[in-house]
file model_16.csv (CSV, C-alpha atoms)
chain,number,residue,atom,x,y,z
A,84,MET,CA,-21.4,5.4,-8.6
A,85,GLU,CA,-21.9,5.1,-4.9
A,86,LEU,CA,-24.9,5.5,-2.6
A,87,GLY,CA,-24.6,8.4,-0.2
A,88,ARG,CA,-26.5,10.9,2.0
A,89,VAL,CA,-26.4,14.6,1.7
A,90,LEU,CA,-25.1,16.3,4.9
A,91,GLY,CA,-25.6,19.9,4.0
A,92,PRO,CA,-24.2,22.9,2.0
A,93,ALA,CA,-20.5,23.5,1.5
A,94,PRO,CA,-20.6,27.3,0.9
A,95,SER,CA,-17.7,29.3,-0.4
A,96,ASN,CA,-17.2,32.9,-1.3
A,97,VAL,CA,-13.8,32.7,-2.8
A,98,LYS,CA,-13.6,30.1,-5.6
A,99,HIS,CA,-12.3,29.2,-9.0
A,100,PRO,CA,-14.4,31.0,-11.6
A,101,ALA,CA,-15.5,27.7,-13.2
A,102,LEU,CA,-17.2,26.9,-9.9
A,103,ASP,CA,-19.2,30.1,-9.8
A,104,GLY,CA,-22.9,29.4,-9.1
A,105,LEU,CA,-22.5,25.7,-8.6
A,106,LYS,CA,-24.3,24.1,-5.7
A,107,LEU,CA,-21.6,22.4,-3.6
A,108,VAL,CA,-22.6,20.1,-0.7
A,109,PHE,CA,-21.1,17.7,1.8
A,110,VAL,CA,-22.1,14.1,1.2
A,111,GLU,CA,-21.3,11.0,3.1
A,112,ALA,CA,-20.8,7.7,1.1
A,113,GLU,CA,-22.8,5.0,2.7
A,114,GLY,CA,-21.0,2.6,5.0
A,115,LYS,CA,-17.9,4.7,5.3
A,116,GLY,CA,-18.7,7.0,8.2
A,117,LYS,CA,-17.0,10.3,8.4
A,118,ARG,CA,-14.1,9.0,6.4
A,119,GLY,CA,-16.5,8.8,3.5
A,120,VAL,CA,-17.4,12.5,3.5
A,121,VAL,CA,-16.6,14.4,0.3
A,122,VAL,CA,-17.7,17.7,-1.4
A,123,ALA,CA,-19.8,17.2,-4.5
A,124,TRP,CA,-21.5,19.3,-7.1
A,125,ASP,CA,-25.2,18.7,-6.7
A,126,VAL,CA,-27.1,18.8,-10.1
A,127,VAL,CA,-30.2,17.2,-8.8
A,128,ASP,CA,-31.1,19.7,-6.1
A,129,ALA,CA,-30.9,17.3,-3.2
A,130,GLY,CA,-31.4,18.4,0.4
A,131,PRO,CA,-29.9,17.4,3.7
A,132,GLY,CA,-30.7,13.7,4.5
A,133,ASP,CA,-31.5,12.9,0.9
A,134,ARG,CA,-30.1,9.6,-0.5
A,135,VAL,CA,-28.2,10.2,-3.7
A,136,LEU,CA,-25.8,8.6,-6.2
A,137,ILE,CA,-22.2,10.0,-6.1
A,138,MET,CA,-20.4,9.9,-9.4
A,139,ARG,CA,-16.6,10.3,-9.3
A,140,GLU,CA,-15.4,10.7,-12.8
A,141,GLY,CA,-13.7,14.0,-13.6
A,142,GLY,CA,-14.0,13.9,-17.4
A,143,ALA,CA,-17.8,13.3,-17.3
A,144,ALA,CA,-18.1,16.0,-14.6
A,145,VAL,CA,-16.3,18.6,-16.8
A,146,ARG,CA,-18.4,17.7,-19.9
A,147,LEU,CA,-21.6,18.0,-17.8
A,148,LEU,CA,-20.5,21.4,-16.7
A,149,ARG,CA,-19.7,22.7,-20.2
A,150,ARG,CA,-17.4,25.4,-19.0
A,151,GLY,CA,-14.2,24.1,-20.6
A,152,ALA,CA,-11.4,23.1,-18.3
A,153,ALA,CA,-12.8,23.1,-14.8
A,154,PRO,CA,-11.7,21.7,-11.5
A,155,VAL,CA,-14.6,19.4,-10.8
A,156,ARG,CA,-14.8,15.6,-10.2
A,157,THR,CA,-17.5,14.5,-7.8
A,158,VAL,CA,-21.1,15.0,-8.8
A,159,LEU,CA,-24.4,14.0,-7.3
A,160,VAL,CA,-26.2,12.6,-10.4
A,161,ALA,CA,-29.4,11.1,-9.0
A,162,GLN,CA,-31.8,11.4,-6.1
A,163,VAL,CA,-32.5,7.8,-5.0
A,164,ASP,CA,-36.1,6.9,-4.4
A,165,ARG,CA,-35.6,3.2,-3.5
A,166,VAL,CA,-32.9,0.5,-3.3
A,167,ASP,CA,-34.0,-3.1,-3.9
A,168,ARG,CA,-31.4,-5.4,-2.5
A,169,GLU,CA,-30.9,-9.1,-2.7
A,170,ARG,CA,-31.3,-10.8,0.7
B,100,MET,CA,-12.8,-4.3,-17.1
B,101,LYS,CA,-13.7,-6.4,-14.1
B,102,ALA,CA,-16.2,-9.0,-13.1
B,103,GLY,CA,-19.2,-8.3,-10.9
B,104,ARG,CA,-22.4,-9.7,-9.5
B,105,VAL,CA,-25.6,-7.7,-9.5
B,106,ILE,CA,-27.2,-7.8,-6.1
B,107,GLY,CA,-30.0,-5.2,-6.5
B,108,SER,CA,-31.2,-2.2,-8.2
B,109,VAL,CA,-31.6,1.5,-7.5
B,110,VAL,CA,-34.7,3.5,-8.5
B,111,ALA,CA,-34.1,7.2,-9.0
B,112,SER,CA,-36.6,9.5,-10.6
B,113,ARG,CA,-34.6,12.8,-10.4
B,114,VAL,CA,-31.4,12.3,-12.3
B,115,ALA,CA,-28.7,14.4,-14.1
B,116,GLU,CA,-28.9,15.2,-17.7
B,117,GLY,CA,-28.0,12.2,-19.8
B,118,LEU,CA,-29.2,9.7,-17.2
B,119,GLU,CA,-32.9,9.9,-18.0
B,120,GLY,CA,-34.3,6.4,-18.3
B,121,ARG,CA,-31.1,4.6,-17.4
B,122,ARG,CA,-31.0,1.5,-15.3
B,123,PHE,CA,-29.0,1.5,-12.1
B,124,LEU,CA,-27.7,-1.8,-10.7
B,125,LEU,CA,-26.3,-2.4,-7.2
B,126,THR,CA,-23.2,-4.5,-7.9
B,127,VAL,CA,-20.3,-6.1,-6.1
B,128,PRO,CA,-16.9,-6.8,-7.6
B,129,VAL,CA,-16.0,-10.5,-7.7
B,130,ASP,CA,-13.1,-12.6,-8.7
B,131,ASP,CA,-13.0,-15.5,-11.2
B,132,GLY,CA,-14.6,-17.8,-8.6
B,133,ASP,CA,-17.5,-15.3,-7.8
B,134,ASP,CA,-16.0,-14.4,-4.4
B,135,VAL,CA,-16.7,-10.7,-3.5
B,136,THR,CA,-13.5,-8.7,-3.7
B,137,GLY,CA,-14.6,-5.2,-2.7
B,138,GLU,CA,-17.3,-2.8,-1.7
B,139,GLU,CA,-20.6,-2.6,-3.5
B,140,PHE,CA,-21.2,0.2,-6.0
B,141,VAL,CA,-23.9,1.3,-8.4
B,142,ALA,CA,-23.4,0.8,-12.2
B,143,CYS,CA,-25.4,1.8,-15.2
B,144,ASP,CA,-26.4,-1.0,-17.6
B,145,VAL,CA,-26.4,-1.4,-21.3
B,146,VAL,CA,-27.0,-5.1,-21.6
B,147,GLY,CA,-30.1,-5.9,-19.7
B,148,ALA,CA,-28.4,-7.3,-16.6
B,149,GLY,CA,-30.6,-7.9,-13.5
B,150,ARG,CA,-30.4,-9.1,-10.0
B,151,GLY,CA,-28.2,-12.3,-9.9
B,152,SER,CA,-26.5,-11.6,-13.2
B,153,ARG,CA,-22.8,-12.0,-13.3
B,154,VAL,CA,-21.4,-9.2,-15.4
B,155,ILE,CA,-18.4,-7.5,-16.9
B,156,TRP,CA,-18.3,-3.9,-15.9
B,157,ILE,CA,-16.0,-1.0,-16.7
B,158,GLY,CA,-15.1,1.9,-14.5
B,159,GLY,CA,-13.7,5.4,-15.1
B,160,LYS,CA,-14.2,7.6,-18.1
B,161,GLU,CA,-14.8,4.6,-20.4
B,162,ALA,CA,-18.0,3.9,-18.5
B,163,ALA,CA,-19.6,6.7,-20.5
B,164,LEU,CA,-18.3,5.4,-23.8
B,165,ALA,CA,-20.6,2.3,-23.4
B,166,PHE,CA,-23.4,4.7,-24.3
B,167,GLY,CA,-21.6,5.8,-27.5
B,168,ARG,CA,-20.9,9.2,-26.1
B,169,ASP,CA,-18.5,10.8,-23.6
B,170,ASP,CA,-20.8,13.2,-21.8
B,171,ILE,CA,-22.9,10.8,-19.8
B,172,PRO,CA,-22.2,11.3,-16.1
B,173,VAL,CA,-21.4,7.8,-15.0
B,174,ASP,CA,-18.3,6.2,-13.6
B,175,ALA,CA,-19.3,2.5,-13.9
B,176,THR,CA,-21.3,0.6,-16.5
B,177,CYS,CA,-22.2,-3.1,-17.0
B,178,VAL,CA,-21.1,-3.9,-20.5
B,179,ALA,CA,-21.5,-7.7,-20.7
B,180,ILE,CA,-23.3,-10.6,-19.0
B,181,LEU,CA,-21.0,-13.5,-18.1
B,182,GLU,CA,-22.2,-17.0,-19.3
B,183,ARG,CA,-19.6,-18.9,-17.3
B,184,HIS,CA,-17.6,-17.5,-14.5
B,185,GLY,CA,-14.1,-18.6,-15.1
B,186,GLN,CA,-11.9,-21.6,-14.8
B,187,ARG,CA,-12.1,-22.0,-11.0
B,188,GLU,CA,-15.8,-22.7,-11.0
B,189,GLU,CA,-15.6,-25.1,-13.8
B,190,ASN,CA,-13.0,-27.1,-11.9
B,191,ASP,CA,-15.1,-27.3,-8.7

call {"tool": "encode", "arguments": {"input": "model_16.csv", "output": "structure tokens"}}
result
Amino acid sequence: MELGRVLGPAPSNVKHPALDGLKLVFVEAEGKGKRGVVVAWDVVDAGPGDRVLIMREGGAAVRLLRRGAAPVRTVLVAQVDRVDRER
Amino acid sequence: MKAGRVIGSVVASRVAEGLEGRRFLLTVPVDDGDDVTGEEFVACDVVGAGRGSRVIWIGGKEAALAFGRDDIPVDATCVAILERHGQREEND
């Protein structure tokens, strides 16, 4: 997983049926700037500015969704409270 | 599977289904001489690794299999703690 920050919602009216009702957000992977911005399915109800863990494994995302074959890969799987780093 | 070094930990109270109570380790990939080879990432842990541990980690769909299931939403898991870190260090 990667540390990231939620930027804001990624709303869409027209979408694949498997994506219906999913909360999709823009998230920026830490240390990568705007090149690190991706769209993710947010299952932990994070808000803009929240620090999160970005998970990028399609198989796990599909099984978490439980809608059969579904075009999802990137999921926010945790809201980060704290990072303790060696210094 | 690759080698890594644990450089910290991540505390998260609100997590996806299947990640309740899991440990999250801030990790950097390293080579056989413990030199950093890439960017840091966060891995789950099944072997009790901690800060400073040198580990073997696995990425991709197999990361979930470390938990004996395939529906855990993880993409990296520490699956072993390295006792020695390869030939290069032993030769130094």

call {"tool": "atom_distance", "arguments": {"input": "model_16.csv", "atom1": "CA of Gly158 (chain B)", "atom2": "CA of Ala101 (chain A)"}}
result
25.8 Å

call {"tool": "interface_residues", "arguments": {"input": "model_16.csv", "of": "chain B", "to": "chain A", "cutoff": "6 Å", "atoms": "only C-alpha atoms", "output": "list in words"}}
result
Ile106, Gly107, Ser108, Val109, Val110, Ala111, Arg113, Val114, Ala115, Phe140, Val141, Asp170, Pro172 and Asp174 of chain B

call {"tool": "residues_around", "arguments": {"input": "model_16.csv", "residues": "Val129 (chain B)", "least_positions_apart": "6", "cutoff": "9 Å", "atoms": "all atoms listed in the file", "output": "list in words"}}
result
Lys101, Ala102, Gly103, Arg104, Val135, Thr136, Gly137 and Arg153 of chain B

call {"tool": "atom_distance", "arguments": {"input": "model_16.csv", "atom1": "CA of Glu111 (chain A)", "atom2": "CA of Phe166 (chain B)"}}
result
28.2 Å

call {"tool": "atom_distance", "arguments": {"input": "model_16.csv", "atom1": "CA of Ser112 (chain B)", "atom2": "CA of Gly147 (chain B)"}}
result
19.0 Å

call {"tool": "closest_residue", "arguments": {"input": "model_16.csv", "among": "A:Ala93, A:Trp124, A:Lys117, A:Arg156", "to": "Leu105 (chain A)", "atoms": "only C-alpha atoms"}}
result
A:Trp124

call {"tool": "residues_around", "arguments": {"input": "model_16.csv", "residues": "region 163-165 of chain B", "least_positions_apart": "6", "cutoff": "9 Å", "atoms": "all atoms listed in the file", "output": "list in words"}}
result
Ala143 of chain A; Asp144, Val145, Ile157, Ile171, Pro172, Val173, Asp174, Ala175, Thr176, Cys177 and Val178 of chain B

call {"tool": "closest_residue", "arguments": {"input": "model_16.csv", "among": "A:Val97, A:Leu102, A:Leu90, A:Val122", "to": "Ala153 (chain A)", "atoms": "all atoms listed in the file"}}
result
A:Leu102

call {"tool": "closest_residue", "arguments": {"input": "model_16.csv", "among": "B:Asp133, B:Glu139, B:Leu181, B:Arg122", "to": "Glu113 (chain A)", "atoms": "all atoms listed in the file"}}
result
B:Glu139

call {"tool": "closest_residue", "arguments": {"input": "model_16.csv", "among": "B:Trp156, B:Ala179, B:Gly167, B:Phe123", "to": "Met100 (chain B)", "atoms": "all atoms listed in the file"}}
result
B:Trp156

call {"tool": "build_atoms", "arguments": {"input": "model_16.csv", "residues": "region 127-158 of chain A", "atoms": "N, CA and C atoms", "output": "mmCIF file, keeping the file's coordinate frame"}}
result
data_model
loop_
_atom_site.group_PDB
_atom_site.id
_atom_site.type_symbol
_atom_site.label_atom_id
_atom_site.label_comp_id
_atom_site.auth_asym_id
_atom_site.auth_seq_id
_atom_site.Cartn_x
_atom_site.Cartn_y
_atom_site.Cartn_z
ATOM 1 N N VAL A 127 -28.873 17.665 -8.884
ATOM 2 C CA VAL A 127 -30.200 17.200 -8.800
ATOM 3 C C VAL A 127 -30.996 17.819 -7.606
ATOM 4 N N ASP A 128 -30.423 18.909 -7.087
ATOM 5 C CA ASP A 128 -31.100 19.700 -6.100
ATOM 6 C C ASP A 128 -31.506 18.898 -4.851
ATOM 7 N N ALA A 129 -30.597 18.104 -4.335
ATOM 8 C CA ALA A 129 -30.900 17.300 -3.200
ATOM 9 C C ALA A 129 -30.776 18.150 -1.889
ATOM 10 N N GLY A 130 -31.469 17.728 -0.848
ATOM 11 C CA GLY A 130 -31.400 18.400 0.400
ATOM 12 C C GLY A 130 -30.756 17.553 1.483
ATOM 13 N N PRO A 131 -30.472 18.136 2.655
ATOM 14 C CA PRO A 131 -29.900 17.400 3.700
ATOM 15 C C PRO A 131 -30.695 16.113 4.045
ATOM 16 N N GLY A 132 -30.013 14.967 4.183
ATOM 17 C CA GLY A 132 -30.700 13.700 4.500
ATOM 18 C C GLY A 132 -31.115 12.935 3.259
ATOM 19 N N ASP A 133 -31.117 13.571 2.094
ATOM 20 C CA ASP A 133 -31.500 12.900 0.900
ATOM 21 C C ASP A 133 -30.485 11.820 0.494
ATOM 22 N N ARG A 134 -30.980 10.693 0.001
ATOM 23 C CA ARG A 134 -30.100 9.600 -0.500
ATOM 24 C C ARG A 134 -29.823 9.901 -1.960
ATOM 25 N N VAL A 135 -28.563 9.768 -2.340
ATOM 26 C CA VAL A 135 -28.200 10.200 -3.700
ATOM 27 C C VAL A 135 -27.149 9.178 -4.276
ATOM 28 N N LEU A 136 -26.882 9.343 -5.567
ATOM 29 C CA LEU A 136 -25.800 8.600 -6.200
ATOM 30 C C LEU A 136 -24.624 9.579 -6.421
ATOM 31 N N ILE A 137 -23.449 9.171 -5.935
ATOM 32 C CA ILE A 137 -22.200 10.000 -6.100
ATOM 33 C C ILE A 137 -21.431 9.437 -7.256
ATOM 34 N N MET A 138 -21.149 10.318 -8.211
ATOM 35 C CA MET A 138 -20.400 9.900 -9.400
ATOM 36 C C MET A 138 -18.993 10.597 -9.283
ATOM 37 N N ARG A 139 -17.935 9.801 -9.484
ATOM 38 C CA ARG A 139 -16.600 10.300 -9.300
ATOM 39 C C ARG A 139 -15.739 10.187 -10.538
ATOM 40 N N GLU A 140 -16.160 10.758 -11.608
ATOM 41 C CA GLU A 140 -15.400 10.700 -12.800
ATOM 42 C C GLU A 140 -15.194 12.115 -13.351
ATOM 43 N N GLY A 141 -13.967 12.599 -13.285
ATOM 44 C CA GLY A 141 -13.700 14.000 -13.600
ATOM 45 C C GLY A 141 -14.089 14.401 -15.015
ATOM 46 N N GLY A 142 -13.756 13.525 -15.980
ATOM 47 C CA GLY A 142 -14.000 13.900 -17.400
ATOM 48 C C GLY A 142 -15.514 14.084 -17.620
ATOM 49 N N ALA A 143 -16.326 13.178 -17.084
ATOM 50 C CA ALA A 143 -17.800 13.300 -17.300
ATOM 51 C C ALA A 143 -18.287 14.556 -16.538
ATOM 52 N N ALA A 144 -17.711 14.857 -15.383
ATOM 53 C CA ALA A 144 -18.100 16.000 -14.600
ATOM 54 C C ALA A 144 -17.839 17.316 -15.425
ATOM 55 N N VAL A 145 -16.653 17.377 -16.009
ATOM 56 C CA VAL A 145 -16.300 18.600 -16.800
ATOM 57 C C VAL A 145 -17.178 18.733 -17.995
ATOM 58 N N ARG A 146 -17.501 17.635 -18.674
ATOM 59 C CA ARG A 146 -18.400 17.700 -19.900
ATOM 60 C C ARG A 146 -19.795 18.088 -19.474
ATOM 61 N N LEU A 147 -20.230 17.621 -18.317
ATOM 62 C CA LEU A 147 -21.600 18.000 -17.800
ATOM 63 C C LEU A 147 -21.651 19.474 -17.537
ATOM 64 N N LEU A 148 -20.563 20.022 -17.029
ATOM 65 C CA LEU A 148 -20.500 21.400 -16.700
ATOM 66 C C LEU A 148 -20.479 22.352 -17.878
ATOM 67 N N ARG A 149 -19.820 21.919 -18.949
ATOM 68 C CA ARG A 149 -19.700 22.700 -20.200
ATOM 69 C C ARG A 149 -19.117 24.074 -19.993
ATOM 70 N N ARG A 150 -18.063 24.168 -19.182
ATOM 71 C CA ARG A 150 -17.400 25.400 -19.000
ATOM 72 C C ARG A 150 -15.905 25.300 -19.405
ATOM 73 N N GLY A 151 -15.601 24.366 -20.270
ATOM 74 C CA GLY A 151 -14.200 24.100 -20.600
ATOM 75 C C GLY A 151 -13.486 23.447 -19.479
ATOM 76 N N ALA A 152 -12.178 23.678 -19.398
ATOM 77 C CA ALA A 152 -11.400 23.100 -18.300
ATOM 78 C C ALA A 152 -11.926 23.594 -16.984
ATOM 79 N N ALA A 153 -12.288 22.679 -16.102
ATOM 80 C CA ALA A 153 -12.800 23.100 -14.800
ATOM 81 C C ALA A 153 -12.434 22.073 -13.745
ATOM 82 N N PRO A 154 -12.115 22.569 -12.547
ATOM 83 C CA PRO A 154 -11.700 21.700 -11.500
ATOM 84 C C PRO A 154 -12.845 21.027 -10.740
ATOM 85 N N VAL A 155 -13.511 20.097 -11.405
ATOM 86 C CA VAL A 155 -14.600 19.400 -10.800
ATOM 87 C C VAL A 155 -14.407 17.867 -11.009
ATOM 88 N N ARG A 156 -14.820 17.076 -10.062
ATOM 89 C CA ARG A 156 -14.800 15.600 -10.200
ATOM 90 C C ARG A 156 -15.994 14.922 -9.699
ATOM 91 N N THR A 157 -16.423 15.303 -8.510
ATOM 92 C CA THR A 157 -17.500 14.500 -7.800
ATOM 93 C C THR A 157 -18.815 15.199 -8.003
ATOM 94 N N VAL A 158 -19.779 14.437 -8.488
ATOM 95 C CA VAL A 158 -21.100 15.000 -8.800
ATOM 96 C C VAL A 158 -22.194 14.108 -8.250
#
